[in-house]
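K.L.:
Questions regarding the structure given below will be posed in turn.
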Amino acid sequence: MTLLTEFKDKQILVLGAGITGMSCVRYLSAQDLCFAVNDSRKQPFSADYNEQQFIEEYPCASLHLGRWNSELIANADIILISPGIDSAIDEIAQHISPDCRVMGDVELFCLLNNERLNKPNIKPIQLLAVTGSNGKSTVVSLLAYLADSLGVNAQLGGNIGQPVLDIFTQEITGENTDIPAVLILELSSFQLETLTSMKAIATSVLNVSDDHLDRHKTMTNYQGIKQSIYPQGKVAVTNRDDEGTKTDNQSQTVLSFGSDDPLQNQFGVRRVEGKAILAFAEQNLITLDKLPLAGMHNALNYLAALALGYSAGWSLTAMVKSLVGFTGLAHRCQKIVSDDGISWINDSKATNVGATIAAINGLAQTLTSSNGNKQKLILIAGGDGKGADFTPLNEPLADHVSQVITLGKDGDKIAELTQNSINVTSLFVAVQTAKAIAKPGDIVLLSPACASLDMFKNFSDRGEQFIAAVAEISEAS
């Protein structure tokens, strides 16, 4: 019996009608399955879509909005839950039957992909999977860039790119029959909570730092969720600089990366005549100063991508040649063009403490001194901390940051870490304040260590407003 044959006899419930939930709706509908959809929001759809359009488009689906429907949840045999929904909340958890199968869209995708292993005329999609508190989007985007440069038919999915189930939906409908040979998955802790069936070429936990504890409660629980990715891959790619990424699983190959000189079958950073060089075992690959992304945190991102690509059998020489063309992601340590001599850095995507520490430490290595004057690093931080512990910022703030400008819901908690802090009411005022303090040659870094939803639509909106403020204040000066 196939998975979908089993589904035909079940009560199926899709929890959440956002981007992920609607991808589940499209797939189930393409398979002529009947199901229910439940969302606690009264209007979960985009502005150009409404409830009536949903009913007309999906006649086999029943739609229930405005609250979590306890009766639907209790009667469900299979629940497809969106990653943003916490199944542990009382309104959901207390109603789920012990016999109910709860899974996310990535788990369903993997189960379907596993079935393709036994079909002689259909190739399964190879998987490379990446998680971690920071750097996921950079690493998977770099992997996709390398794949394209090597002529590998690859696609991004999971927490980035196209919803994974749309790949199979479009195959069924004939909308797109060009199925990727490799799917590069960025996976959040929320997605990993419902994922157990992935069979990947390689999996990686890039790093583990304080994040999402408002949902996961403890670091031990959070780390365990992250590490659940390892048994679901043939090769485990770990970070030697971070104990939280290491695995004790003796049944799989381990390939590591780190900021130290690599040993056999390791990726690392070698120092030769004062220059930092990316290296694999005895082989020097490329000097860091030839690459567009600065800082040691980005050196580790380069190495992680190389290790994952190497695990997939991609040419190491070809990958290294292609590294120089990757310029990084918007809102991730992105330099803003200005004519005031100040280096304005937009790192709005740094939504947790670990990301901000990585940005500070990475940029600190670029600070120089001339005529007895050292470049200053000015930090703008704050927002919704999601229950995080900010104390790990103490050391990097003391060692590298001359001034901290804070804002948002938890900005005062960051301000308490240092005497050199100023609290402001808006991002525009933060940029004004930084402009008044900074001199040509100094670095002003927006790296909030917090989520953005207390003041902005999302981290992208926060980054765009930062860019706009820098442009306006630079022009006015």
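Every chain in the structure tokens takes a letter, A first, then B, and so on in the order presented; its residues are numbered from 1, and the ligands are numbered from 1 following the presented order.
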According to DSSP computed on the backbone, where in stretch 36-143 of chain A is there alpha helix (DSSP H)? Give the residues as a PyMOL selection string.
P.N.:
chain A and resi 51-57+70-75+90-93+105-115+136-143
K.L.:
Would you save the residues of that selection, restricted to C-alpha atoms, as a PDB file, in the first residue's frame?
P.N.:
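part-v4.pdb was written with the following content:
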```
ATOM      1  CA  GLU A  51     -12.657  32.558   1.420  1.00  0.00           C
ATOM      2  CA  GLN A  52     -15.114  32.400  -1.494  1.00  0.00           C
ATOM      3  CA  GLN A  53     -12.283  31.899  -3.989  1.00  0.00           C
ATOM      4  CA  PHE A  54     -10.914  29.079  -1.820  1.00  0.00           C
ATOM      5  CA  ILE A  55     -14.304  27.315  -1.742  1.00  0.00           C
ATOM      6  CA  GLU A  56     -14.684  27.575  -5.526  1.00  0.00           C
ATOM      7  CA  GLU A  57     -11.133  26.406  -6.218  1.00  0.00           C
ATOM      8  CA  SER A  70     -11.386  21.103  18.565  1.00  0.00           C
ATOM      9  CA  GLU A  71     -13.819  18.727  16.862  1.00  0.00           C
ATOM     10  CA  LEU A  72     -11.847  18.654  13.605  1.00  0.00           C
ATOM     11  CA  ILE A  73      -8.586  18.150  15.506  1.00  0.00           C
ATOM     12  CA  ALA A  74     -10.022  15.342  17.644  1.00  0.00           C
ATOM     13  CA  ASN A  75     -11.431  13.467  14.634  1.00  0.00           C
ATOM     14  CA  ASP A  90      -3.537  23.573  24.807  1.00  0.00           C
ATOM     15  CA  GLU A  91      -6.066  24.486  22.099  1.00  0.00           C
ATOM     16  CA  ILE A  92      -4.429  21.887  19.850  1.00  0.00           C
ATOM     17  CA  ALA A  93      -2.496  19.369  21.966  1.00  0.00           C
ATOM     18  CA  ASP A 105       4.948  19.401   4.643  1.00  0.00           C
ATOM     19  CA  VAL A 106       8.637  18.437   4.514  1.00  0.00           C
ATOM     20  CA  GLU A 107       7.928  15.096   6.213  1.00  0.00           C
ATOM     21  CA  LEU A 108       5.157  14.351   3.702  1.00  0.00           C
ATOM     22  CA  PHE A 109       7.486  15.325   0.867  1.00  0.00           C
ATOM     23  CA  CYS A 110      10.208  12.995   2.182  1.00  0.00           C
ATOM     24  CA  LEU A 111       7.803  10.080   2.567  1.00  0.00           C
ATOM     25  CA  LEU A 112       6.646  10.557  -1.024  1.00  0.00           C
ATOM     26  CA  ASN A 113      10.224  10.932  -2.237  1.00  0.00           C
ATOM     27  CA  ASN A 114      11.236   7.728  -0.428  1.00  0.00           C
ATOM     28  CA  GLU A 115       8.542   5.841  -2.332  1.00  0.00           C
ATOM     29  CA  LYS A 136      21.333  28.730   7.112  1.00  0.00           C
ATOM     30  CA  SER A 137      20.065  30.964   4.328  1.00  0.00           C
ATOM     31  CA  THR A 138      23.574  32.027   3.336  1.00  0.00           C
ATOM     32  CA  VAL A 139      24.851  28.437   3.187  1.00  0.00           C
ATOM     33  CA  VAL A 140      21.915  26.978   1.244  1.00  0.00           C
ATOM     34  CA  SER A 141      21.872  29.930  -1.164  1.00  0.00           C
ATOM     35  CA  LEU A 142      25.604  29.494  -1.707  1.00  0.00           C
ATOM     36  CA  LEU A 143      25.036  25.761  -2.314  1.00  0.00           C
TER      37      LEU A 143
END
```
K.L.:
List as a short mmCIF file (atom, residue, chain, number, x, y, z; two decimals) with all heavy atoms, in the first residue's frame the protein and nucleic acid residues near A:Trp68, meaning an atom at most 7 Å away when only C-alpha atoms are counted, but skip any in the same chain fewer than 5 places from it.
P.N.:
```cif
data_model
loop_
_atom_site.label_atom_id
_atom_site.label_comp_id
_atom_site.auth_asym_id
_atom_site.auth_seq_id
_atom_site.Cartn_x
_atom_site.Cartn_y
_atom_site.Cartn_z
N ASN A 38 -8.07 24.26 8.71
CA ASN A 38 -8.41 25.04 9.90
C ASN A 38 -7.32 26.04 10.21
O ASN A 38 -6.13 25.69 10.22
CB ASN A 38 -8.62 24.09 11.08
CG ASN A 38 -9.00 24.78 12.38
OD1 ASN A 38 -8.74 24.28 13.46
ND2 ASN A 38 -9.65 25.93 12.31
N ASP A 39 -7.72 27.30 10.42
CA ASP A 39 -6.76 28.34 10.81
C ASP A 39 -7.41 29.21 11.88
O ASP A 39 -8.61 29.51 11.79
CB ASP A 39 -6.37 29.20 9.59
CG ASP A 39 -5.09 30.00 9.83
OD1 ASP A 39 -5.09 30.84 10.76
OD2 ASP A 39 -4.12 29.79 9.10
N SER A 40 -6.65 29.58 12.89
CA SER A 40 -7.21 30.39 13.98
C SER A 40 -7.46 31.83 13.56
O SER A 40 -8.20 32.56 14.23
CB SER A 40 -6.27 30.37 15.19
OG SER A 40 -5.02 30.95 14.86
N GLU A 91 -4.94 24.51 23.03
CA GLU A 91 -6.07 24.49 22.10
C GLU A 91 -5.92 23.41 21.04
O GLU A 91 -6.90 23.00 20.42
CB GLU A 91 -6.22 25.84 21.39
CG GLU A 91 -6.49 27.01 22.32
CD GLU A 91 -5.22 27.76 22.66
OE1 GLU A 91 -4.21 27.12 23.02
OE2 GLU A 91 -5.24 29.00 22.55
#
```
K.L.:
Contacts of A:Arg101 at 10 Å or less, counting only C-alpha atoms, minus same-chain residues fewer than 5 places along, as a VMD selection string?
P.N.:
chain A and resid 12 76 to 80 96
K.L.:
Choose the residue, out of A:Gly18, A:Pro262, A:Gly383, A:Gly104, that has the smallest atom-to-atom separation from A:Ser46; count only C-alpha atoms.
P.N.:
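Among the listed residues, A:Gly18 lies closest to A:Ser46.
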K.L.:
Select from stretch 105-254 of chain A everything DSSP, run on the backbone, classes as strand (DSSP E or B), then give the selection as a count of residues only.
P.N.:
32
K.L.:
Please determine, counting only C-alpha atoms, which residue among A:Ala350, A:Ile405, A:Leu192, A:Ile286 has the shortest atom-to-atom distance to A:Pro448.
P.N.:
A:Ala350
K.L.:
Using only C-alpha atoms for the distances, tell me which of A:Gly174, A:Leu278, A:Leu128, A:Thr418 is nearest to A:Ala202.
P.N.:
A:Leu128
K.L.:
Between A:Met22, A:Gly84, A:Ile125, A:Glu464, which has the minimum distance to A:Tyr49 (counting only C-alpha atoms)?
P.N.:
A:Met22
K.L.:
Provide the atom CA of A:Ile172 to atom CA of A:Asp48 distance in Å, to one decimal place.
P.N.:
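These two atoms are separated by 25.8 Å.
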K.L.:
Which one is closest to A:Lys290: A:Gly325, A:Gly274, A:Pro124, A:Gly387? Count only C-alpha atoms.
P.N.:
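For A:Lys290, the nearest of the candidates is A:Gly325.
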